[in-house]
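Raw upload_11.cif, mmCIF, C-alpha atoms:
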```cif
data_model
#
loop_
_atom_site.group_PDB
_atom_site.id
_atom_site.type_symbol
_atom_site.label_atom_id
_atom_site.label_comp_id
_atom_site.auth_asym_id
_atom_site.auth_seq_id
_atom_site.Cartn_x
_atom_site.Cartn_y
_atom_site.Cartn_z
ATOM 1 C CA GLY A 136 -23.240 154.324 62.393
ATOM 2 C CA VAL A 137 -24.940 155.076 65.699
ATOM 3 C CA ALA A 138 -22.996 156.557 68.605
ATOM 4 C CA LEU A 139 -22.888 154.269 71.624
ATOM 5 C CA GLY A 140 -22.194 156.853 74.304
ATOM 6 C CA ARG A 141 -25.394 158.869 74.049
ATOM 7 C CA PRO A 142 -28.040 156.124 74.177
ATOM 8 C CA ARG A 143 -26.286 154.246 76.995
ATOM 9 C CA PHE A 144 -27.083 157.098 79.400
ATOM 10 C CA CYS A 145 -30.146 158.549 77.707
ATOM 11 C CA ALA A 146 -33.238 158.656 79.913
ATOM 12 C CA THR A 147 -36.393 160.710 79.780
ATOM 13 C CA HIS A 148 -38.841 161.402 82.577
ATOM 14 C CA ALA A 149 -42.248 163.046 82.335
ATOM 15 C CA ALA A 150 -45.079 163.650 84.781
ATOM 16 C CA ARG A 151 -48.436 162.258 83.731
ATOM 17 C CA PRO A 152 -51.848 161.926 85.427
ATOM 18 C CA ARG A 153 -52.956 158.340 85.891
ATOM 19 C CA ALA A 154 -55.524 156.389 87.888
ATOM 20 C CA GLN A 155 -54.480 155.616 91.461
ATOM 21 C CA SER A 156 -54.927 152.367 93.340
ATOM 22 C CA SER A 157 -53.169 150.436 96.091
ATOM 23 C CA PRO A 158 -51.401 147.471 94.470
ATOM 24 C CA GLU A 159 -49.075 145.090 96.256
ATOM 25 C CA ARG A 160 -45.784 146.831 96.933
ATOM 26 C CA ASN A 161 -43.740 144.465 94.745
ATOM 27 C CA ALA A 162 -46.333 144.042 91.981
ATOM 28 C CA MET A 163 -45.883 145.333 88.443
ATOM 29 C CA ILE A 164 -47.166 144.760 84.931
ATOM 30 C CA LEU A 165 -44.749 143.270 82.396
ATOM 31 C CA ALA A 166 -45.799 144.239 78.871
ATOM 32 C CA SER A 167 -43.800 141.385 77.352
ATOM 33 C CA GLY A 168 -44.190 137.675 76.798
ATOM 34 C CA SER A 169 -40.444 137.073 77.168
ATOM 35 C CA PRO A 170 -39.783 134.299 79.716
ATOM 36 C CA ARG A 171 -36.260 135.676 80.187
ATOM 37 C CA ARG A 172 -37.501 139.131 81.229
ATOM 38 C CA LEU A 173 -40.090 137.580 83.525
ATOM 39 C CA GLU A 174 -37.468 135.435 85.243
ATOM 40 C CA LEU A 175 -35.068 138.371 85.676
ATOM 41 C CA LEU A 176 -37.791 140.420 87.401
ATOM 42 C CA ARG A 177 -38.774 137.497 89.616
ATOM 43 C CA GLN A 178 -35.133 137.054 90.617
ATOM 44 C CA MET A 179 -35.194 140.677 91.812
ATOM 45 C CA GLY A 180 -38.162 139.863 94.043
ATOM 46 C CA PHE A 181 -40.935 141.387 91.917
ATOM 47 C CA SER A 182 -44.236 139.654 91.172
ATOM 48 C CA PRO A 183 -45.023 140.683 87.591
ATOM 49 C CA VAL A 184 -48.395 140.215 85.929
ATOM 50 C CA VAL A 185 -47.678 139.380 82.290
ATOM 51 C CA ARG A 186 -49.730 141.399 79.798
ATOM 52 C CA PRO A 187 -47.971 141.301 76.388
ATOM 53 C CA ALA A 188 -48.724 144.173 74.045
ATOM 54 C CA ASN A 189 -49.215 143.508 70.339
ATOM 55 C CA ILE A 190 -47.971 146.396 68.213
ATOM 56 C CA ASP A 191 -46.551 146.927 64.732
ATOM 57 C CA GLU A 192 -42.792 146.558 65.163
ATOM 58 C CA THR A 193 -41.848 147.595 61.618
ATOM 59 C CA PRO A 194 -38.870 149.996 61.670
ATOM 60 C CA HIS A 195 -39.407 153.460 60.260
ATOM 61 C CA PRO A 196 -37.301 154.431 57.218
ATOM 62 C CA GLY A 197 -33.883 155.608 58.380
ATOM 63 C CA GLU A 198 -34.624 154.780 62.025
ATOM 64 C CA SER A 199 -31.529 153.819 64.025
ATOM 65 C CA PRO A 200 -31.545 150.606 66.109
ATOM 66 C CA THR A 201 -31.458 152.575 69.364
ATOM 67 C CA ASP A 202 -34.295 154.879 68.301
ATOM 68 C CA LEU A 203 -36.285 151.811 67.211
ATOM 69 C CA VAL A 204 -36.084 149.956 70.539
ATOM 70 C CA LEU A 205 -36.931 153.105 72.499
ATOM 71 C CA ARG A 206 -39.980 153.827 70.331
ATOM 72 C CA LEU A 207 -41.206 150.234 70.498
ATOM 73 C CA ALA A 208 -40.774 150.055 74.288
ATOM 74 C CA ARG A 209 -42.829 153.207 74.694
ATOM 75 C CA GLN A 210 -45.541 151.979 72.328
ATOM 76 C CA LYS A 211 -45.717 148.597 74.073
ATOM 77 C CA ALA A 212 -46.043 150.215 77.505
ATOM 78 C CA ARG A 213 -48.801 152.560 76.394
ATOM 79 C CA ALA A 214 -50.700 149.858 74.497
ATOM 80 C CA CYS A 215 -50.503 147.580 77.533
ATOM 81 C CA GLU A 216 -51.696 150.259 79.940
ATOM 82 C CA LYS A 217 -54.571 151.205 77.663
ATOM 83 C CA GLY A 218 -55.906 147.652 77.829
ATOM 84 C CA LEU A 219 -55.544 147.091 81.575
ATOM 85 C CA PRO A 220 -58.617 146.168 83.635
ATOM 86 C CA GLU A 221 -59.506 148.572 86.422
ATOM 87 C CA LYS A 222 -58.089 146.287 89.132
ATOM 88 C CA LEU A 223 -54.596 146.609 87.631
ATOM 89 C CA LEU A 224 -54.599 150.380 87.126
ATOM 90 C CA GLY A 225 -52.008 152.170 89.236
ATOM 91 C CA GLN A 226 -49.389 149.439 89.001
ATOM 92 C CA VAL A 227 -46.062 150.185 87.363
ATOM 93 C CA VAL A 228 -45.945 149.032 83.727
ATOM 94 C CA ILE A 229 -42.595 147.835 82.353
ATOM 95 C CA ALA A 230 -42.036 147.341 78.617
ATOM 96 C CA ALA A 231 -38.827 146.520 76.774
ATOM 97 C CA ASP A 232 -37.577 145.819 73.286
ATOM 98 C CA THR A 233 -34.147 144.409 72.416
ATOM 99 C CA THR A 234 -32.282 144.334 69.133
ATOM 100 C CA VAL A 235 -28.908 143.152 67.869
ATOM 101 C CA TRP A 236 -27.127 145.400 65.410
ATOM 102 C CA ILE A 237 -23.872 145.709 63.499
ATOM 103 C CA ASP A 238 -22.703 148.222 60.889
ATOM 104 C CA GLY A 239 -25.840 150.230 61.712
ATOM 105 C CA LEU A 240 -27.977 147.292 60.526
ATOM 106 C CA GLU A 241 -30.581 145.741 62.828
ATOM 107 C CA LEU A 242 -30.553 141.941 63.011
ATOM 108 C CA GLY A 243 -33.961 140.722 64.107
ATOM 109 C CA LYS A 244 -35.145 137.153 64.524
ATOM 110 C CA PRO A 245 -34.172 134.924 61.578
ATOM 111 C CA HIS A 246 -36.816 134.072 59.008
ATOM 112 C CA ASP A 247 -35.426 130.538 58.635
ATOM 113 C CA ASP A 248 -32.281 128.484 59.215
ATOM 114 C CA GLU A 249 -30.522 129.939 56.180
ATOM 115 C CA ASP A 250 -31.163 133.437 57.487
ATOM 116 C CA ALA A 251 -29.733 132.365 60.868
ATOM 117 C CA ARG A 252 -26.588 131.050 59.151
ATOM 118 C CA ALA A 253 -26.179 134.346 57.307
ATOM 119 C CA MET A 254 -26.501 136.370 60.524
ATOM 120 C CA LEU A 255 -24.037 134.196 62.433
ATOM 121 C CA THR A 256 -21.576 134.391 59.542
ATOM 122 C CA ARG A 257 -21.834 138.200 59.627
ATOM 123 C CA LEU A 258 -21.212 138.237 63.399
ATOM 124 C CA SER A 259 -18.307 135.747 63.288
ATOM 125 C CA GLY A 260 -15.046 137.210 64.588
ATOM 126 C CA ARG A 261 -16.525 140.688 65.031
ATOM 127 C CA THR A 262 -17.980 142.980 67.686
ATOM 128 C CA HIS A 263 -21.669 143.803 67.500
ATOM 129 C CA HIS A 264 -24.065 145.680 69.753
ATOM 130 C CA VAL A 265 -27.182 144.778 71.728
ATOM 131 C CA SER A 266 -29.552 147.609 72.644
ATOM 132 C CA THR A 267 -32.584 147.386 74.915
ATOM 133 C CA GLY A 268 -35.151 150.146 75.138
ATOM 134 C CA VAL A 269 -37.127 150.242 78.386
ATOM 135 C CA CYS A 270 -40.230 152.259 79.240
ATOM 136 C CA MET A 271 -41.793 152.562 82.702
ATOM 137 C CA LEU A 272 -45.268 153.978 83.370
ATOM 138 C CA ALA A 273 -46.251 154.789 86.957
ATOM 139 C CA PRO A 274 -48.750 157.032 88.755
ATOM 140 C CA ALA A 275 -45.824 159.409 89.365
ATOM 141 C CA GLY A 276 -45.009 159.719 85.665
ATOM 142 C CA GLU A 277 -43.222 158.067 82.767
ATOM 143 C CA ALA A 278 -39.537 157.315 82.119
ATOM 144 C CA SER A 279 -37.616 155.564 79.377
ATOM 145 C CA PHE A 280 -34.028 154.793 78.469
ATOM 146 C CA VAL A 281 -31.798 152.764 76.172
ATOM 147 C CA GLU A 282 -28.935 150.560 77.352
ATOM 148 C CA THR A 283 -26.323 149.289 74.873
ATOM 149 C CA SER A 284 -23.796 146.489 75.387
ATOM 150 C CA SER A 285 -21.126 145.199 73.015
ATOM 151 C CA VAL A 286 -20.515 141.512 72.249
ATOM 152 C CA THR A 287 -17.512 140.006 70.447
ATOM 153 C CA PHE A 288 -17.719 136.598 68.781
ATOM 154 C CA PHE A 289 -14.961 134.097 68.189
ATOM 155 C CA GLU A 290 -14.194 133.256 64.590
ATOM 156 C CA LEU A 291 -16.824 130.614 63.851
ATOM 157 C CA SER A 292 -16.235 127.739 61.454
ATOM 158 C CA PRO A 293 -19.015 126.661 59.063
ATOM 159 C CA ASP A 294 -19.355 123.424 61.070
ATOM 160 C CA GLN A 295 -19.816 125.375 64.311
ATOM 161 C CA ILE A 296 -22.456 127.593 62.717
ATOM 162 C CA ASP A 297 -24.276 124.562 61.277
ATOM 163 C CA ALA A 298 -24.186 122.751 64.622
ATOM 164 C CA TYR A 299 -25.665 125.740 66.431
ATOM 165 C CA VAL A 300 -28.368 126.296 63.813
ATOM 166 C CA GLN A 301 -29.287 122.598 64.004
ATOM 167 C CA SER A 302 -29.829 122.975 67.762
ATOM 168 C CA GLY A 303 -32.862 125.148 66.987
ATOM 169 C CA GLU A 304 -31.864 127.772 69.525
ATOM 170 C CA PRO A 305 -31.352 130.634 67.028
ATOM 171 C CA ARG A 306 -34.896 130.473 65.641
ATOM 172 C CA ASP A 307 -36.593 132.849 68.075
ATOM 173 C CA LYS A 308 -33.597 134.992 69.002
ATOM 174 C CA ALA A 309 -32.670 138.446 67.732
ATOM 175 C CA GLY A 310 -29.330 138.116 65.976
ATOM 176 C CA SER A 311 -29.826 134.335 65.827
ATOM 177 C CA TYR A 312 -28.214 133.552 69.180
ATOM 178 C CA GLY A 313 -28.977 133.423 72.888
ATOM 179 C CA ILE A 314 -26.083 134.302 75.185
ATOM 180 C CA GLN A 315 -27.819 132.610 78.129
ATOM 181 C CA GLY A 316 -28.026 129.306 76.224
ATOM 182 C CA ARG A 317 -25.728 127.376 73.901
ATOM 183 C CA GLY A 318 -24.918 130.671 72.230
ATOM 184 C CA ARG A 319 -22.567 131.462 75.111
ATOM 185 C CA LEU A 320 -20.036 129.221 73.340
ATOM 186 C CA LEU A 321 -19.866 131.747 70.492
ATOM 187 C CA VAL A 322 -18.874 134.700 72.683
ATOM 188 C CA SER A 323 -15.265 135.694 73.338
ATOM 189 C CA GLY A 324 -16.114 138.780 75.390
ATOM 190 C CA ILE A 325 -18.657 141.446 76.288
ATOM 191 C CA GLU A 326 -18.571 145.086 77.329
ATOM 192 C CA GLY A 327 -21.451 146.452 79.372
ATOM 193 C CA ASP A 328 -24.399 144.851 81.150
ATOM 194 C CA TYR A 329 -24.721 141.093 80.542
ATOM 195 C CA PHE A 330 -28.401 141.113 81.512
ATOM 196 C CA ASN A 331 -29.048 143.793 78.919
ATOM 197 C CA ILE A 332 -27.893 141.245 76.338
ATOM 198 C CA VAL A 333 -30.289 138.682 77.824
ATOM 199 C CA GLY A 334 -33.108 141.209 77.403
ATOM 200 C CA LEU A 335 -33.458 143.489 80.440
ATOM 201 C CA PRO A 336 -30.794 145.716 82.085
ATOM 202 C CA VAL A 337 -32.040 145.087 85.613
ATOM 203 C CA ALA A 338 -29.455 147.156 87.521
ATOM 204 C CA ARG A 339 -30.200 150.246 85.427
ATOM 205 C CA LEU A 340 -33.937 149.498 85.608
ATOM 206 C CA ALA A 341 -33.913 149.447 89.427
ATOM 207 C CA ARG A 342 -32.154 152.814 89.541
ATOM 208 C CA GLU A 343 -34.501 154.339 86.996
ATOM 209 C CA LEU A 344 -37.451 153.057 89.046
ATOM 210 C CA ASP A 345 -35.955 154.789 92.088
ATOM 211 C CA ALA A 346 -35.793 158.036 90.136
ATOM 212 C CA LEU A 347 -39.409 157.588 89.027
ATOM 213 C CA VAL A 348 -41.227 156.191 92.064
ATOM 214 C CA GLY A 349 -38.706 156.062 94.912
ATOM 215 C CA GLU A 350 -38.925 158.336 97.933
ATOM 216 C CA ASP A 351 -35.562 157.292 99.357
ATOM 217 C CA ALA A 352 -33.203 156.940 96.370
ATOM 218 C CA GLY A 353 -30.021 155.232 97.564
ATOM 219 C CA GLY A 354 -31.439 154.700 101.062
ATOM 220 C CA GLU A 355 -32.763 151.574 102.743
ATOM 221 C CA ALA A 356 -36.296 152.124 101.398
ATOM 222 C CA SER A 357 -35.108 152.488 97.796
ATOM 223 C CA VAL A 358 -35.991 150.061 95.023
ATOM 224 C CA VAL A 359 -32.320 149.066 94.725
ATOM 225 C CA CYS A 360 -31.903 148.293 98.452
ATOM 226 C CA GLY A 361 -35.230 146.466 98.531
ATOM 227 C CA ALA A 362 -34.238 144.333 95.539
ATOM 228 C CA LEU A 363 -30.872 143.562 97.152
ATOM 229 C CA ARG A 364 -32.787 142.280 100.206
ATOM 230 C CA GLY A 365 -35.220 140.402 97.948
ATOM 231 C CA GLU A 366 -38.071 142.675 99.030
ATOM 232 C CA PRO A 367 -38.394 145.422 96.397
ATOM 233 C CA CYS A 368 -41.021 148.114 96.966
ATOM 234 C CA LEU A 369 -42.573 150.270 94.253
ATOM 235 C CA GLY A 370 -44.547 152.566 96.514
ATOM 236 C CA ARG A 371 -45.700 153.336 99.989
#
```
Please go through the file and, once you have read it, give me the structure as structure tokens.
Amino acid sequence: GVALGRPRFCATHAARPRAQSSPERNAMILASGSPRRLELLRQMGFSPVVRPANIDETPHPGESPTDLVLRLARQKARACEKGLPEKLLGQVVIAADTTVWIDGLELGKPHDDEDARAMLTRLSGRTHHVSTGVCMLAPAGEASFVETSSVTFFELSPDQIDAYVQSGEPRDKAGSYGIQGRGRLLVSGIEGDYFNIVGLPVARLARELDALVGEDAGGEASVVCGALRGEPCLGR
């Protein structure tokens, strides 16, 4: 199995030279096509430009779920930045990758409805984990982290599983469910950040952005305070 304690608080920061420009103070690049991540960032007051990165997401042999999402987030961020037009250089790039896992086994998106039924049957009545790797690239440097939450399902009857699969909702969801949709009816409890399960741990992200680009961490000019006012700032 994979230890939960270490990746929950694991973050790396590194200085790196990058092109400078003067973007809008709440602008950023989202290296993801996820509408859920986009909406979460907009709710914080950011104005993301969506630039999805296409990379090979095949797990490496023996790679743990938490190592996988961290590696993929970093690769997505770097691939996105590499393809940015000059006018977008200097903006913060945010990339994320989320996976559902249980018994050390990653549960990606289902191949078909039968695969979705099998995943939901495995999750029924048990606690599984949702890990999101996040990578941030900024003129000041680079930082990345993994956040892990735990989700417990009710015991699900075959009829309940069939009804949910027939809704179509599981088809594009890791683990074959969406907690923000009808899948909420499957969940008996969670431990950790709910928004991490949706796809982006926004509270942790804001604090990591403060550590990376903030000049007033914890103060009124911090990313966290700005987001609480609805006016986040990623630079002077």
Next on the checklist: Please compute the CA of Ala166 (chain A)-CA of Glu216 (chain A) distance, one decimal, in Å.
Outcome noted: 8.5 Å
Checklist entry - For the atom pair CA of Arg172 (chain A) and CA of Ile296 (chain A), what is the interatomic distance in Å to one decimal place? => result 26.5 Å
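For the choices A:Leu176, A:Val265, A:Met163, A:Val333, the atom-to-atom distance to Gly365 (chain A) is smallest for A:Leu176 when using all atoms listed in the file.
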Next on the checklist: Env of region 246-258 of chain A: 9 Å cut, atoms = only C-alpha atoms, seq-sep filter 4 positions within chain, self excluded. Answer as a PyMOL selection string.
Outcome noted: chain A and resi 237+242+262-263+287-293+296-297+300-301+303+305-306+310-312
Checklist entry - In terms of the shortest atom-to-atom distance over all atoms listed in the file, which of A:Gln295, A:Gln226, A:Thr267, A:Ser302 is closest to Ala208 (chain A)? => result A:Thr267
Next on the checklist: Residues proximal to (-51.7, 143.9, 86.7) were defined as those with any atom within 9 Å of that point in the file's coordinates, counting only C-alpha atoms. Which are they, as a PyMOL selection string?
Outcome noted: chain A and resi 158+162-165+183-186+219-220+222-228
Since we have the selection now, will you write its residues out, keeping C-alpha atoms, as a CSV table (one decimal), keeping the file's coordinate frame?
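Wrote it out as result14.csv, contents follow:
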```
chain,number,residue,atom,x,y,z
A,158,PRO,CA,-51.4,147.5,94.5
A,162,ALA,CA,-46.3,144.0,92.0
A,163,MET,CA,-45.9,145.3,88.4
A,164,ILE,CA,-47.2,144.8,84.9
A,165,LEU,CA,-44.7,143.3,82.4
A,183,PRO,CA,-45.0,140.7,87.6
A,184,VAL,CA,-48.4,140.2,85.9
A,185,VAL,CA,-47.7,139.4,82.3
A,186,ARG,CA,-49.7,141.4,79.8
A,219,LEU,CA,-55.5,147.1,81.6
A,220,PRO,CA,-58.6,146.2,83.6
A,222,LYS,CA,-58.1,146.3,89.1
A,223,LEU,CA,-54.6,146.6,87.6
A,224,LEU,CA,-54.6,150.4,87.1
A,225,GLY,CA,-52.0,152.2,89.2
A,226,GLN,CA,-49.4,149.4,89.0
A,227,VAL,CA,-46.1,150.2,87.4
A,228,VAL,CA,-45.9,149.0,83.7
```
Would you output region 356-367 of chain A from that structure, restricted to all heavy atoms, as a tab-separated table (two decimals), in the first residue's frame?
```tsv
chain	number	residue	atom	x	y	z
A	356	ALA	N	-2.28	41.21	1.60
A	356	ALA	CA	-1.92	41.15	0.20
A	356	ALA	C	-1.63	39.72	-0.27
A	356	ALA	O	-1.21	39.52	-1.40
A	356	ALA	CB	-0.71	42.04	-0.08
A	357	SER	N	-1.87	38.74	0.58
A	357	SER	CA	-1.59	37.35	0.22
A	357	SER	C	-2.61	36.82	-0.77
A	357	SER	O	-3.71	37.38	-0.93
A	357	SER	CB	-1.58	36.47	1.48
A	357	SER	OG	-2.89	36.39	2.03
A	358	VAL	N	-2.26	35.72	-1.43
A	358	VAL	CA	-3.19	35.07	-2.34
A	358	VAL	C	-4.44	34.61	-1.60
A	358	VAL	O	-5.56	34.78	-2.07
A	358	VAL	CB	-2.52	33.87	-3.04
A	358	VAL	CG1	-3.53	33.11	-3.91
A	358	VAL	CG2	-1.34	34.34	-3.89
A	359	VAL	N	-4.25	34.05	-0.39
A	359	VAL	CA	-5.40	33.56	0.38
A	359	VAL	C	-6.35	34.70	0.73
A	359	VAL	O	-7.56	34.60	0.51
A	359	VAL	CB	-4.93	32.83	1.66
A	359	VAL	CG1	-6.13	32.48	2.54
A	359	VAL	CG2	-4.15	31.58	1.32
A	360	CYS	N	-5.82	35.81	1.27
A	360	CYS	CA	-6.70	36.93	1.64
A	360	CYS	C	-7.36	37.53	0.40
A	360	CYS	O	-8.54	37.89	0.43
A	360	CYS	CB	-5.90	38.00	2.38
A	360	CYS	SG	-5.51	37.57	4.09
A	361	GLY	N	-6.61	37.63	-0.70
A	361	GLY	CA	-7.21	38.16	-1.92
A	361	GLY	C	-8.34	37.28	-2.41
A	361	GLY	O	-9.39	37.77	-2.83
A	362	ALA	N	-8.14	35.94	-2.37
A	362	ALA	CA	-9.19	35.03	-2.81
A	362	ALA	C	-10.40	35.10	-1.89
A	362	ALA	O	-11.54	35.00	-2.35
A	362	ALA	CB	-8.64	33.60	-2.87
A	363	LEU	N	-10.17	35.29	-0.59
A	363	LEU	CA	-11.30	35.42	0.34
A	363	LEU	C	-12.11	36.68	0.05
A	363	LEU	O	-13.33	36.70	0.26
A	363	LEU	CB	-10.78	35.45	1.78
A	363	LEU	CG	-10.26	34.11	2.33
A	363	LEU	CD1	-9.54	34.32	3.65
A	363	LEU	CD2	-11.40	33.11	2.51
A	364	ARG	N	-11.45	37.73	-0.44
A	364	ARG	CA	-12.16	38.96	-0.84
A	364	ARG	C	-12.74	38.83	-2.24
A	364	ARG	O	-13.51	39.70	-2.67
A	364	ARG	CB	-11.20	40.15	-0.80
A	364	ARG	CG	-10.75	40.61	0.57
A	364	ARG	CD	-10.05	41.95	0.49
A	364	ARG	NE	-8.85	41.87	-0.36
A	364	ARG	CZ	-7.63	41.62	0.09
A	364	ARG	NH1	-7.44	41.41	1.39
A	364	ARG	NH2	-6.60	41.58	-0.73
A	365	GLY	N	-12.35	37.79	-2.99
A	365	GLY	CA	-12.76	37.68	-4.38
A	365	GLY	C	-11.88	38.45	-5.32
A	365	GLY	O	-12.24	38.65	-6.49
A	366	GLU	N	-10.69	38.85	-4.85
A	366	GLU	CA	-9.76	39.63	-5.66
A	366	GLU	C	-8.35	39.08	-5.50
A	366	GLU	O	-7.45	39.74	-5.00
A	366	GLU	CB	-9.77	41.10	-5.23
A	366	GLU	CG	-11.14	41.77	-5.35
A	366	GLU	CD	-11.16	43.16	-4.76
A	366	GLU	OE1	-10.21	43.51	-4.03
A	366	GLU	OE2	-12.11	43.90	-5.05
A	367	PRO	N	-8.11	37.82	-5.93
A	367	PRO	CA	-6.79	37.23	-5.74
A	367	PRO	C	-5.74	37.93	-6.61
A	367	PRO	O	-6.04	38.41	-7.69
A	367	PRO	CB	-6.99	35.78	-6.18
A	367	PRO	CG	-8.10	35.85	-7.17
A	367	PRO	CD	-9.03	36.92	-6.66
```
